[in-house]
Number of protein chains: 2
Amino acid sequence: MTVPRVGSRREQILATAAALFAKHGFHGVSIAELGAAVGISGPALYRHFPGKEALLAELLVDISERLEAGGRERAAGSAGSPREVLEALVDFHVAFALREPELIVVQDRDLDNLPDADRRRVRRLQRTYVEIWVDTLQRLHPGLDAERARTAAHATFGLLNSTPHSGSRAAPEEVAALLRAMALASFRAL
Amino acid sequence: MTVPRVGSRREQILATAAALFAKHGFHGVSIAELGAAVGISGPALYRHFPGKEALLAELLVDISERLEAGGRERAAGSAGSPREVLEALVDFHVAFALREPELIVVQDRDLDNLPDADRRRVRRLQRTYVEIWVDTLQRLHPGLDAERARTAAHATFGLLNSTPHSGSRAAPEEVAALLRAMALASFRAL
DNA sequence: ACGCGCTGTTAGCAGTCGTTAACAGGCCGG
DNA sequence: CCGGCCTGTTAACGACTGCTAACAGCGCGT
């Protein structure tokens, strides 16, 4: 019994890769280093992944799918006023950024080290995630044109994704509350 | 007469390197590619720079010095209320981020590809720049503790530095005005 | 006119990278 | 007990990298 966590090695490798890629960049981490960091050495990684790029692809496709799904979920039912939806989106995003800062870093740093097919997929997911925010902002502020809404959405992502940059020795909930409040306040400028 | 732009090649190389590093990352650009992009080929770059790392160092030291100097200048004379100083800082930073988005990208993406001495220097400059913002925020909001002020400063940098991410087909002045307004509005949450 | 410094070239070297090949031990179903 | 799969090892290959060496044309001061 007690299935020995099928794919537990895989997940360990993915988590370690996320941390190392975030710290040194995709090209700055060798297969040998990554292997050593999980206790195996070098080419053993090829028992779990077809190659280095595939590893990055799995990380980035996964994070962009989770963001898009989370955004869609909170914006869907059209239940809730635009303001409530926007608050839910902010809460979701800030929680994500605080929980997995490495993935946030890797996603916009190493996107173009992906093979073409995966990069297109990730780009499309990112675009639809942005559009969820744009639609919500436009419903909240009728008359706001799409271009400005898009700029505002990206600005908010930059604000919320700033967690990896600040040392943030403070408690995560306090940081989350502060970023949430700043993001929502910034929308008053629209 | 008409000095033939002493160092014009140097500056051309630096500008091209900034663009390429921003697009593909430091490790993603080879000396040969960089040479080809400026019309010379490969090792000719060593006539102008002692090495690849020195090139990156010059870019990053330069940008962090300019940011620190610009921030210090606008915060110095203690002329102006804290709110005026803060508005000047925002204007300065957003103009910088819009004028040289590649440098913004390279600075936080490839900082740790610098040789130790240069990285320490850049880190120190960045720290004092942040502290200028922290001090101003604390003068504006007495009772705001330094940790929260630091988080808020980083969040504002993320917001203002979002320009490279959004396509921003709009006119730069409009984007600048929007980001400025959002940044200043976000401070109301403090 | 001469020589030198500046800026460019090509050839080649040493090191590192991702990846494949060949091999081996452990576990588990028949 | 046996045979295969899973997961690991080390050795080696080819490609590419940053960098150096050796050489050459050009322009300018004396």
# chains A, B, ... in the order shown; residues from 1 in each chain; ligands from 1
>>> interface_residues(of="chain B", to="chain A", cutoff="6 Å", atoms="only C-alpha atoms", output="list in words")
His27, Thr151, His154, Ala155, Gly158, Leu159, Ser162, Ser166, Ala181, Met182, Ala185, Ser186 and Ala189 of chain B
>>> write_last_selection(atoms="all heavy atoms", output="PDB file, in the first residue's frame")
ATOM      1  N   HIS B  27      22.902  35.499 -20.777  1.00  0.00           N
ATOM      2  CA  HIS B  27      23.466  34.235 -21.260  1.00  0.00           C
ATOM      3  C   HIS B  27      22.899  33.853 -22.616  1.00  0.00           C
ATOM      4  O   HIS B  27      23.454  32.979 -23.281  1.00  0.00           O
ATOM      5  CB  HIS B  27      23.193  33.116 -20.254  1.00  0.00           C
ATOM      6  CG  HIS B  27      23.966  33.226 -18.987  1.00  0.00           C
ATOM      7  ND1 HIS B  27      25.337  33.242 -18.962  1.00  0.00           N
ATOM      8  CD2 HIS B  27      23.569  33.341 -17.692  1.00  0.00           C
ATOM      9  CE1 HIS B  27      25.757  33.345 -17.695  1.00  0.00           C
ATOM     10  NE2 HIS B  27      24.699  33.418 -16.918  1.00  0.00           N
ATOM     11  N   THR B 151       8.058  48.006   1.253  1.00  0.00           N
ATOM     12  CA  THR B 151       7.190  47.175   0.410  1.00  0.00           C
ATOM     13  C   THR B 151       6.410  48.046  -0.566  1.00  0.00           C
ATOM     14  O   THR B 151       6.281  47.718  -1.753  1.00  0.00           O
ATOM     15  CB  THR B 151       6.210  46.381   1.296  1.00  0.00           C
ATOM     16  OG1 THR B 151       6.951  45.546   2.189  1.00  0.00           O
ATOM     17  CG2 THR B 151       5.308  45.519   0.434  1.00  0.00           C
ATOM     18  N   HIS B 154       8.702  49.240  -3.431  1.00  0.00           N
ATOM     19  CA  HIS B 154       8.919  48.195  -4.424  1.00  0.00           C
ATOM     20  C   HIS B 154       7.662  47.968  -5.266  1.00  0.00           C
ATOM     21  O   HIS B 154       7.744  47.732  -6.475  1.00  0.00           O
ATOM     22  CB  HIS B 154       9.347  46.894  -3.741  1.00  0.00           C
ATOM     23  CG  HIS B 154      10.790  46.884  -3.338  1.00  0.00           C
ATOM     24  ND1 HIS B 154      11.817  46.785  -4.247  1.00  0.00           N
ATOM     25  CD2 HIS B 154      11.380  46.956  -2.121  1.00  0.00           C
ATOM     26  CE1 HIS B 154      12.974  46.794  -3.606  1.00  0.00           C
ATOM     27  NE2 HIS B 154      12.747  46.913  -2.319  1.00  0.00           N
ATOM     28  N   ALA B 155       6.528  48.034  -4.626  1.00  0.00           N
ATOM     29  CA  ALA B 155       5.279  47.862  -5.368  1.00  0.00           C
ATOM     30  C   ALA B 155       5.122  48.961  -6.409  1.00  0.00           C
ATOM     31  O   ALA B 155       4.708  48.709  -7.548  1.00  0.00           O
ATOM     32  CB  ALA B 155       4.093  47.869  -4.397  1.00  0.00           C
ATOM     33  N   GLY B 158       7.325  48.286  -9.310  1.00  0.00           N
ATOM     34  CA  GLY B 158       6.722  47.264 -10.168  1.00  0.00           C
ATOM     35  C   GLY B 158       5.648  47.849 -11.053  1.00  0.00           C
ATOM     36  O   GLY B 158       5.563  47.543 -12.243  1.00  0.00           O
ATOM     37  N   LEU B 159       4.839  48.723 -10.470  1.00  0.00           N
ATOM     38  CA  LEU B 159       3.788  49.371 -11.257  1.00  0.00           C
ATOM     39  C   LEU B 159       4.386  50.222 -12.374  1.00  0.00           C
ATOM     40  O   LEU B 159       4.001  50.101 -13.544  1.00  0.00           O
ATOM     41  CB  LEU B 159       2.923  50.225 -10.320  1.00  0.00           C
ATOM     42  CG  LEU B 159       1.636  50.843 -10.853  1.00  0.00           C
ATOM     43  CD1 LEU B 159       0.652  51.081  -9.720  1.00  0.00           C
ATOM     44  CD2 LEU B 159       1.857  52.150 -11.605  1.00  0.00           C
ATOM     45  N   SER B 162       6.180  48.494 -15.323  1.00  0.00           N
ATOM     46  CA  SER B 162       5.380  47.552 -16.110  1.00  0.00           C
ATOM     47  C   SER B 162       5.377  47.890 -17.593  1.00  0.00           C
ATOM     48  O   SER B 162       4.895  47.095 -18.401  1.00  0.00           O
ATOM     49  CB  SER B 162       3.940  47.529 -15.591  1.00  0.00           C
ATOM     50  OG  SER B 162       3.299  48.766 -15.850  1.00  0.00           O
ATOM     51  N   SER B 166       3.511  45.648 -20.981  1.00  0.00           N
ATOM     52  CA  SER B 166       2.371  46.001 -21.824  1.00  0.00           C
ATOM     53  C   SER B 166       2.901  46.454 -23.173  1.00  0.00           C
ATOM     54  O   SER B 166       3.922  47.113 -23.278  1.00  0.00           O
ATOM     55  CB  SER B 166       1.563  47.126 -21.174  1.00  0.00           C
ATOM     56  OG  SER B 166       2.377  48.251 -20.956  1.00  0.00           O
ATOM     57  N   ALA B 181      -0.764  58.672 -12.370  1.00  0.00           N
ATOM     58  CA  ALA B 181      -2.005  58.807 -11.596  1.00  0.00           C
ATOM     59  C   ALA B 181      -2.268  57.569 -10.755  1.00  0.00           C
ATOM     60  O   ALA B 181      -2.668  57.664  -9.586  1.00  0.00           O
ATOM     61  CB  ALA B 181      -3.185  59.060 -12.546  1.00  0.00           C
ATOM     62  N   MET B 182      -2.008  56.383 -11.340  1.00  0.00           N
ATOM     63  CA  MET B 182      -2.241  55.154 -10.573  1.00  0.00           C
ATOM     64  C   MET B 182      -1.279  55.064  -9.385  1.00  0.00           C
ATOM     65  O   MET B 182      -1.677  54.680  -8.279  1.00  0.00           O
ATOM     66  CB  MET B 182      -2.076  53.923 -11.475  1.00  0.00           C
ATOM     67  CG  MET B 182      -3.206  53.749 -12.480  1.00  0.00           C
ATOM     68  SD  MET B 182      -2.993  52.246 -13.505  1.00  0.00           S
ATOM     69  CE  MET B 182      -3.319  50.963 -12.273  1.00  0.00           C
ATOM     70  N   ALA B 185      -2.324  57.488  -6.725  1.00  0.00           N
ATOM     71  CA  ALA B 185      -3.563  57.022  -6.089  1.00  0.00           C
ATOM     72  C   ALA B 185      -3.292  55.862  -5.142  1.00  0.00           C
ATOM     73  O   ALA B 185      -3.907  55.752  -4.073  1.00  0.00           O
ATOM     74  CB  ALA B 185      -4.580  56.608  -7.158  1.00  0.00           C
ATOM     75  N   SER B 186      -2.354  55.005  -5.528  1.00  0.00           N
ATOM     76  CA  SER B 186      -2.088  53.826  -4.689  1.00  0.00           C
ATOM     77  C   SER B 186      -1.548  54.227  -3.318  1.00  0.00           C
ATOM     78  O   SER B 186      -1.725  53.499  -2.343  1.00  0.00           O
ATOM     79  CB  SER B 186      -1.102  52.888  -5.384  1.00  0.00           C
ATOM     80  OG  SER B 186       0.214  53.403  -5.299  1.00  0.00           O
ATOM     81  N   ALA B 189      -3.577  54.382  -0.024  1.00  0.00           N
ATOM     82  CA  ALA B 189      -3.835  53.201   0.810  1.00  0.00           C
ATOM     83  C   ALA B 189      -2.885  53.132   2.006  1.00  0.00           C
ATOM     84  O   ALA B 189      -2.996  52.226   2.836  1.00  0.00           O
ATOM     85  CB  ALA B 189      -3.700  51.924  -0.028  1.00  0.00           C
TER      86      ALA B 189
END
>>> residues_around(residues="stretch 16-26 of chain C", least_positions_apart="2", cutoff="10 Å", atoms="only C-alpha atoms (C1' of nucleotides)", output="PyMOL selection string")
(chain A and resi 27+30-32+43+46+50-52) or (chain C and resi 14+28) or (chain D and resi 6-17)
>>> select_by_dssp(residues="stretch 2-188 of chain B", states="alpha helix (DSSP H)", output="ChimeraX atom specification")
/B:8-24,31-37,52-75,82-99,101-109,116-140,146-160,172-186
>>> closest_residue(among="C:DG15, C:DG3, C:DG8, C:DG30", to="chain B", atoms="only C-alpha atoms (C1' of nucleotides)")
C:DG8
>>> calpha_fit_and_write(fixed="chain A", moving="chain B", output="PDB file with C-alpha atoms, in the first residue's frame")
ATOM      1  CA  MET B   1      -0.892   0.591   0.118  1.00  0.00           C
ATOM      2  CA  THR B   2       0.300   4.216   0.382  1.00  0.00           C
ATOM      3  CA  VAL B   3       1.279   4.782  -3.189  1.00  0.00           C
ATOM      4  CA  PRO B   4       4.833   6.062  -2.907  1.00  0.00           C
ATOM      5  CA  ARG B   5       3.875   9.446  -4.298  1.00  0.00           C
ATOM      6  CA  VAL B   6       3.960   8.570  -7.935  1.00  0.00           C
ATOM      7  CA  GLY B   7       5.776  11.407  -9.592  1.00  0.00           C
ATOM      8  CA  SER B   8       7.136  12.700  -6.346  1.00  0.00           C
ATOM      9  CA  ARG B   9      10.598  12.878  -7.907  1.00  0.00           C
ATOM     10  CA  ARG B  10       9.091  14.750 -10.802  1.00  0.00           C
ATOM     11  CA  GLU B  11       7.524  17.293  -8.498  1.00  0.00           C
ATOM     12  CA  GLN B  12      10.693  17.632  -6.478  1.00  0.00           C
ATOM     13  CA  ILE B  13      12.609  18.308  -9.672  1.00  0.00           C
ATOM     14  CA  LEU B  14      10.039  20.827 -10.849  1.00  0.00           C
ATOM     15  CA  ALA B  15      10.089  22.709  -7.557  1.00  0.00           C
ATOM     16  CA  THR B  16      13.865  22.765  -7.461  1.00  0.00           C
ATOM     17  CA  ALA B  17      14.048  23.863 -11.082  1.00  0.00           C
ATOM     18  CA  ALA B  18      11.632  26.708 -10.371  1.00  0.00           C
ATOM     19  CA  ALA B  19      13.812  27.935  -7.520  1.00  0.00           C
ATOM     20  CA  LEU B  20      17.060  27.670  -9.477  1.00  0.00           C
ATOM     21  CA  PHE B  21      15.656  29.177 -12.669  1.00  0.00           C
ATOM     22  CA  ALA B  22      14.263  32.062 -10.644  1.00  0.00           C
ATOM     23  CA  LYS B  23      17.624  32.711  -9.031  1.00  0.00           C
ATOM     24  CA  HIS B  24      20.023  32.241 -11.952  1.00  0.00           C
ATOM     25  CA  GLY B  25      17.891  32.163 -15.077  1.00  0.00           C
ATOM     26  CA  PHE B  26      17.235  29.274 -17.423  1.00  0.00           C
ATOM     27  CA  HIS B  27      20.596  29.469 -19.181  1.00  0.00           C
ATOM     28  CA  GLY B  28      22.354  30.019 -15.866  1.00  0.00           C
ATOM     29  CA  VAL B  29      21.435  26.597 -14.481  1.00  0.00           C
ATOM     30  CA  SER B  30      23.022  23.479 -15.911  1.00  0.00           C
ATOM     31  CA  ILE B  31      21.481  20.042 -15.967  1.00  0.00           C
ATOM     32  CA  ALA B  32      24.269  18.846 -13.698  1.00  0.00           C
ATOM     33  CA  GLU B  33      23.588  21.577 -11.109  1.00  0.00           C
ATOM     34  CA  LEU B  34      19.896  20.884 -11.172  1.00  0.00           C
ATOM     35  CA  GLY B  35      20.492  17.174 -10.710  1.00  0.00           C
ATOM     36  CA  ALA B  36      22.877  17.794  -7.849  1.00  0.00           C
ATOM     37  CA  ALA B  37      20.307  20.026  -6.149  1.00  0.00           C
ATOM     38  CA  VAL B  38      17.831  17.146  -5.965  1.00  0.00           C
ATOM     39  CA  GLY B  39      20.442  14.580  -4.913  1.00  0.00           C
ATOM     40  CA  ILE B  40      20.838  12.775  -8.212  1.00  0.00           C
ATOM     41  CA  SER B  41      23.474  13.557 -10.725  1.00  0.00           C
ATOM     42  CA  GLY B  42      23.232  14.955 -14.215  1.00  0.00           C
ATOM     43  CA  PRO B  43      21.640  12.794 -16.871  1.00  0.00           C
ATOM     44  CA  ALA B  44      19.313  11.033 -14.424  1.00  0.00           C
ATOM     45  CA  LEU B  45      16.939  13.906 -15.097  1.00  0.00           C
ATOM     46  CA  TYR B  46      16.270  12.431 -18.500  1.00  0.00           C
ATOM     47  CA  ARG B  47      14.455   9.566 -16.770  1.00  0.00           C
ATOM     48  CA  HIS B  48      11.771  12.099 -15.801  1.00  0.00           C
ATOM     49  CA  PHE B  49      11.798  14.737 -18.535  1.00  0.00           C
ATOM     50  CA  PRO B  50      12.656  14.551 -22.222  1.00  0.00           C
ATOM     51  CA  GLY B  51      14.914  17.576 -21.982  1.00  0.00           C
ATOM     52  CA  LYS B  52      15.708  20.862 -20.306  1.00  0.00           C
ATOM     53  CA  GLU B  53      13.278  22.873 -22.382  1.00  0.00           C
ATOM     54  CA  ALA B  54      10.470  20.453 -21.601  1.00  0.00           C
ATOM     55  CA  LEU B  55      11.078  21.107 -17.931  1.00  0.00           C
ATOM     56  CA  LEU B  56      10.726  24.838 -18.402  1.00  0.00           C
ATOM     57  CA  ALA B  57       7.683  24.294 -20.568  1.00  0.00           C
ATOM     58  CA  GLU B  58       5.938  22.277 -17.883  1.00  0.00           C
ATOM     59  CA  LEU B  59       6.588  25.006 -15.317  1.00  0.00           C
ATOM     60  CA  LEU B  60       5.347  27.834 -17.497  1.00  0.00           C
ATOM     61  CA  VAL B  61       2.351  26.104 -19.024  1.00  0.00           C
ATOM     62  CA  ASP B  62       1.283  25.048 -15.555  1.00  0.00           C
ATOM     63  CA  ILE B  63       1.488  28.490 -14.009  1.00  0.00           C
ATOM     64  CA  SER B  64      -0.254  30.225 -16.888  1.00  0.00           C
ATOM     65  CA  GLU B  65      -3.010  27.637 -16.867  1.00  0.00           C
ATOM     66  CA  ARG B  66      -3.534  28.046 -13.147  1.00  0.00           C
ATOM     67  CA  LEU B  67      -3.641  31.831 -13.419  1.00  0.00           C
ATOM     68  CA  GLU B  68      -6.055  31.734 -16.321  1.00  0.00           C
ATOM     69  CA  ALA B  69      -8.283  29.164 -14.606  1.00  0.00           C
ATOM     70  CA  GLY B  70      -8.298  31.089 -11.342  1.00  0.00           C
ATOM     71  CA  GLY B  71      -9.129  34.321 -13.108  1.00  0.00           C
ATOM     72  CA  ARG B  72     -11.870  32.771 -15.214  1.00  0.00           C
ATOM     73  CA  GLU B  73     -13.373  31.135 -12.156  1.00  0.00           C
ATOM     74  CA  ARG B  74     -13.586  34.369 -10.231  1.00  0.00           C
ATOM     75  CA  ALA B  75     -14.961  36.357 -13.139  1.00  0.00           C
ATOM     76  CA  ALA B  76     -17.348  33.769 -14.504  1.00  0.00           C
ATOM     77  CA  GLY B  77     -20.825  33.394 -13.066  1.00  0.00           C
ATOM     78  CA  SER B  78     -21.278  37.137 -13.501  1.00  0.00           C
ATOM     79  CA  ALA B  79     -22.307  36.792  -9.904  1.00  0.00           C
ATOM     80  CA  GLY B  80     -21.118  39.785  -8.010  1.00  0.00           C
ATOM     81  CA  SER B  81     -20.699  43.393  -8.973  1.00  0.00           C
ATOM     82  CA  PRO B  82     -17.695  44.397 -11.066  1.00  0.00           C
ATOM     83  CA  ARG B  83     -16.113  45.753  -7.914  1.00  0.00           C
ATOM     84  CA  GLU B  84     -16.516  42.446  -6.113  1.00  0.00           C
ATOM     85  CA  VAL B  85     -15.082  40.569  -9.077  1.00  0.00           C
ATOM     86  CA  LEU B  86     -12.128  42.928  -9.203  1.00  0.00           C
ATOM     87  CA  GLU B  87     -11.472  42.454  -5.503  1.00  0.00           C
ATOM     88  CA  ALA B  88     -11.606  38.703  -5.957  1.00  0.00           C
ATOM     89  CA  LEU B  89      -9.143  38.917  -8.840  1.00  0.00           C
ATOM     90  CA  VAL B  90      -6.769  41.010  -6.764  1.00  0.00           C
ATOM     91  CA  ASP B  91      -7.017  38.626  -3.827  1.00  0.00           C
ATOM     92  CA  PHE B  92      -6.410  35.653  -6.064  1.00  0.00           C
ATOM     93  CA  HIS B  93      -3.425  37.161  -7.808  1.00  0.00           C
ATOM     94  CA  VAL B  94      -1.726  38.489  -4.704  1.00  0.00           C
ATOM     95  CA  ALA B  95      -2.122  35.146  -2.956  1.00  0.00           C
ATOM     96  CA  PHE B  96      -0.611  33.430  -5.957  1.00  0.00           C
ATOM     97  CA  ALA B  97       2.301  35.849  -6.169  1.00  0.00           C
ATOM     98  CA  LEU B  98       3.050  35.464  -2.475  1.00  0.00           C
ATOM     99  CA  ARG B  99       2.776  31.687  -2.493  1.00  0.00           C
ATOM    100  CA  GLU B 100       4.927  31.070  -5.564  1.00  0.00           C
ATOM    101  CA  PRO B 101       7.162  34.019  -6.237  1.00  0.00           C
ATOM    102  CA  GLU B 102       9.697  31.913  -8.159  1.00  0.00           C
ATOM    103  CA  LEU B 103       7.151  30.984 -10.796  1.00  0.00           C
ATOM    104  CA  ILE B 104       6.214  34.628 -11.189  1.00  0.00           C
ATOM    105  CA  VAL B 105       9.846  35.501 -11.788  1.00  0.00           C
ATOM    106  CA  VAL B 106      10.511  32.662 -14.207  1.00  0.00           C
ATOM    107  CA  GLN B 107       7.387  33.320 -16.216  1.00  0.00           C
ATOM    108  CA  ASP B 108       8.361  36.728 -17.462  1.00  0.00           C
ATOM    109  CA  ARG B 109      12.098  36.197 -17.443  1.00  0.00           C
ATOM    110  CA  ASP B 110      12.463  32.993 -19.418  1.00  0.00           C
ATOM    111  CA  LEU B 111       9.347  32.958 -21.559  1.00  0.00           C
ATOM    112  CA  ASP B 112      11.291  33.145 -24.775  1.00  0.00           C
ATOM    113  CA  ASN B 113      13.529  30.232 -23.959  1.00  0.00           C
ATOM    114  CA  LEU B 114      10.526  28.032 -24.603  1.00  0.00           C
ATOM    115  CA  PRO B 115      10.151  26.014 -27.789  1.00  0.00           C
ATOM    116  CA  ASP B 116       7.840  27.802 -30.182  1.00  0.00           C
ATOM    117  CA  ALA B 117       4.724  25.712 -29.607  1.00  0.00           C
ATOM    118  CA  ASP B 118       4.821  26.049 -25.834  1.00  0.00           C
ATOM    119  CA  ARG B 119       5.629  29.736 -25.979  1.00  0.00           C
ATOM    120  CA  ARG B 120       2.610  30.351 -28.155  1.00  0.00           C
ATOM    121  CA  ARG B 121       0.434  28.398 -25.763  1.00  0.00           C
ATOM    122  CA  VAL B 122       1.676  30.317 -22.725  1.00  0.00           C
ATOM    123  CA  ARG B 123       1.313  33.629 -24.535  1.00  0.00           C
ATOM    124  CA  ARG B 124      -2.268  32.818 -25.412  1.00  0.00           C
ATOM    125  CA  LEU B 125      -3.135  31.877 -21.840  1.00  0.00           C
ATOM    126  CA  GLN B 126      -1.520  35.043 -20.547  1.00  0.00           C
ATOM    127  CA  ARG B 127      -3.472  37.089 -23.055  1.00  0.00           C
ATOM    128  CA  THR B 128      -6.810  35.657 -22.032  1.00  0.00           C
ATOM    129  CA  TYR B 129      -5.915  36.208 -18.368  1.00  0.00           C
ATOM    130  CA  VAL B 130      -5.205  39.848 -19.112  1.00  0.00           C
ATOM    131  CA  GLU B 131      -8.458  40.124 -21.007  1.00  0.00           C
ATOM    132  CA  ILE B 132     -10.366  38.928 -17.956  1.00  0.00           C
ATOM    133  CA  TRP B 133      -8.948  41.851 -16.041  1.00  0.00           C
ATOM    134  CA  VAL B 134      -9.571  44.238 -18.922  1.00  0.00           C
ATOM    135  CA  ASP B 135     -13.212  43.215 -19.171  1.00  0.00           C
ATOM    136  CA  THR B 136     -13.724  43.599 -15.449  1.00  0.00           C
ATOM    137  CA  LEU B 137     -12.083  47.010 -15.404  1.00  0.00           C
ATOM    138  CA  GLN B 138     -14.237  48.132 -18.295  1.00  0.00           C
ATOM    139  CA  ARG B 139     -17.409  46.912 -16.613  1.00  0.00           C
ATOM    140  CA  LEU B 140     -16.429  48.832 -13.519  1.00  0.00           C
ATOM    141  CA  HIS B 141     -15.520  51.981 -15.432  1.00  0.00           C
ATOM    142  CA  PRO B 142     -17.715  52.322 -18.496  1.00  0.00           C
ATOM    143  CA  GLY B 143     -16.033  54.533 -21.046  1.00  0.00           C
ATOM    144  CA  LEU B 144     -12.590  53.265 -20.208  1.00  0.00           C
ATOM    145  CA  ASP B 145     -11.020  52.241 -23.488  1.00  0.00           C
ATOM    146  CA  ALA B 146      -9.418  48.834 -23.842  1.00  0.00           C
ATOM    147  CA  GLU B 147      -5.909  50.138 -24.369  1.00  0.00           C
ATOM    148  CA  ARG B 148      -5.849  52.067 -21.104  1.00  0.00           C
ATOM    149  CA  ALA B 149      -7.467  49.152 -19.311  1.00  0.00           C
ATOM    150  CA  ARG B 150      -4.738  46.865 -20.594  1.00  0.00           C
ATOM    151  CA  THR B 151      -2.026  49.222 -19.441  1.00  0.00           C
ATOM    152  CA  ALA B 152      -3.704  49.439 -16.042  1.00  0.00           C
ATOM    153  CA  ALA B 153      -3.932  45.658 -15.779  1.00  0.00           C
ATOM    154  CA  HIS B 154      -0.239  45.246 -16.543  1.00  0.00           C
ATOM    155  CA  ALA B 155       0.574  47.954 -14.042  1.00  0.00           C
ATOM    156  CA  THR B 156      -1.394  46.105 -11.391  1.00  0.00           C
ATOM    157  CA  PHE B 157       0.417  42.878 -12.187  1.00  0.00           C
ATOM    158  CA  GLY B 158       3.696  44.714 -11.756  1.00  0.00           C
ATOM    159  CA  LEU B 159       2.543  46.041  -8.418  1.00  0.00           C
ATOM    160  CA  LEU B 160       1.316  42.688  -7.163  1.00  0.00           C
ATOM    161  CA  ASN B 161       4.282  40.793  -8.580  1.00  0.00           C
ATOM    162  CA  SER B 162       6.716  43.014  -6.737  1.00  0.00           C
ATOM    163  CA  THR B 163       6.900  40.525  -3.885  1.00  0.00           C
ATOM    164  CA  PRO B 164      10.008  38.759  -5.138  1.00  0.00           C
ATOM    165  CA  HIS B 165      11.871  42.079  -5.262  1.00  0.00           C
ATOM    166  CA  SER B 166      11.156  43.360  -1.811  1.00  0.00           C
ATOM    167  CA  GLY B 167      12.858  41.282   0.834  1.00  0.00           C
ATOM    168  CA  SER B 168       9.521  41.142   2.627  1.00  0.00           C
ATOM    169  CA  ARG B 169      10.682  39.993   6.015  1.00  0.00           C
ATOM    170  CA  ALA B 170       7.180  40.895   7.171  1.00  0.00           C
ATOM    171  CA  ALA B 171       4.373  38.404   7.590  1.00  0.00           C
ATOM    172  CA  PRO B 172       2.855  37.388   4.247  1.00  0.00           C
ATOM    173  CA  GLU B 173      -0.677  38.315   5.319  1.00  0.00           C
ATOM    174  CA  GLU B 174       0.402  41.857   6.089  1.00  0.00           C
ATOM    175  CA  VAL B 175       2.176  42.191   2.771  1.00  0.00           C
ATOM    176  CA  ALA B 176      -0.880  40.764   1.044  1.00  0.00           C
ATOM    177  CA  ALA B 177      -3.183  43.223   2.740  1.00  0.00           C
ATOM    178  CA  LEU B 178      -0.954  46.147   1.850  1.00  0.00           C
ATOM    179  CA  LEU B 179      -0.597  45.185  -1.809  1.00  0.00           C
ATOM    180  CA  ARG B 180      -4.303  44.520  -2.081  1.00  0.00           C
ATOM    181  CA  ALA B 181      -5.140  47.928  -0.664  1.00  0.00           C
ATOM    182  CA  MET B 182      -2.642  49.681  -2.930  1.00  0.00           C
ATOM    183  CA  ALA B 183      -3.918  47.888  -6.025  1.00  0.00           C
ATOM    184  CA  LEU B 184      -7.537  48.704  -5.307  1.00  0.00           C
ATOM    185  CA  ALA B 185      -6.655  52.297  -4.477  1.00  0.00           C
ATOM    186  CA  SER B 186      -4.755  52.659  -7.734  1.00  0.00           C
ATOM    187  CA  PHE B 187      -7.935  51.866  -9.666  1.00  0.00           C
ATOM    188  CA  ARG B 188      -9.453  55.095  -8.343  1.00  0.00           C
ATOM    189  CA  ALA B 189      -7.236  56.838 -10.905  1.00  0.00           C
ATOM    190  CA  LEU B 190      -9.260  55.338 -13.744  1.00  0.00           C
TER     191      LEU B 190
END
>>> atom_distance(atom1="atom C1' of C:DG29", atom2="atom C1' of D:DC1")
12.2 Å
>>> residues_around(residues="D:DA22", least_positions_apart="6", cutoff="12 Å", atoms="only C-alpha atoms (C1' of nucleotides)", output="list of chain:residue names")
C:DT9, C:DT10, C:DA11, C:DG12
>>> atom_distance(atom1="atom C1' of D:DG18", atom2="atom C1' of C:DG5")
25.8 Å
>>> residues_around(residues="C:DC13", least_positions_apart="6", cutoff="10 Å", atoms="only C-alpha atoms (C1' of nucleotides)", output="PyMOL selection string")
chain D and resi 19-21
>>> write_last_selection(atoms="C-alpha atoms (C1' of nucleotides)", output="compact mmCIF listing (two decimals), in the first residue's frame")
# COMPACT_ATOMS: atom_id res chain seq x y z
C1' DC D 19 38.47 34.72 -25.17
C1' DT D 20 43.41 35.07 -27.14
C1' DA D 21 46.76 35.16 -30.86
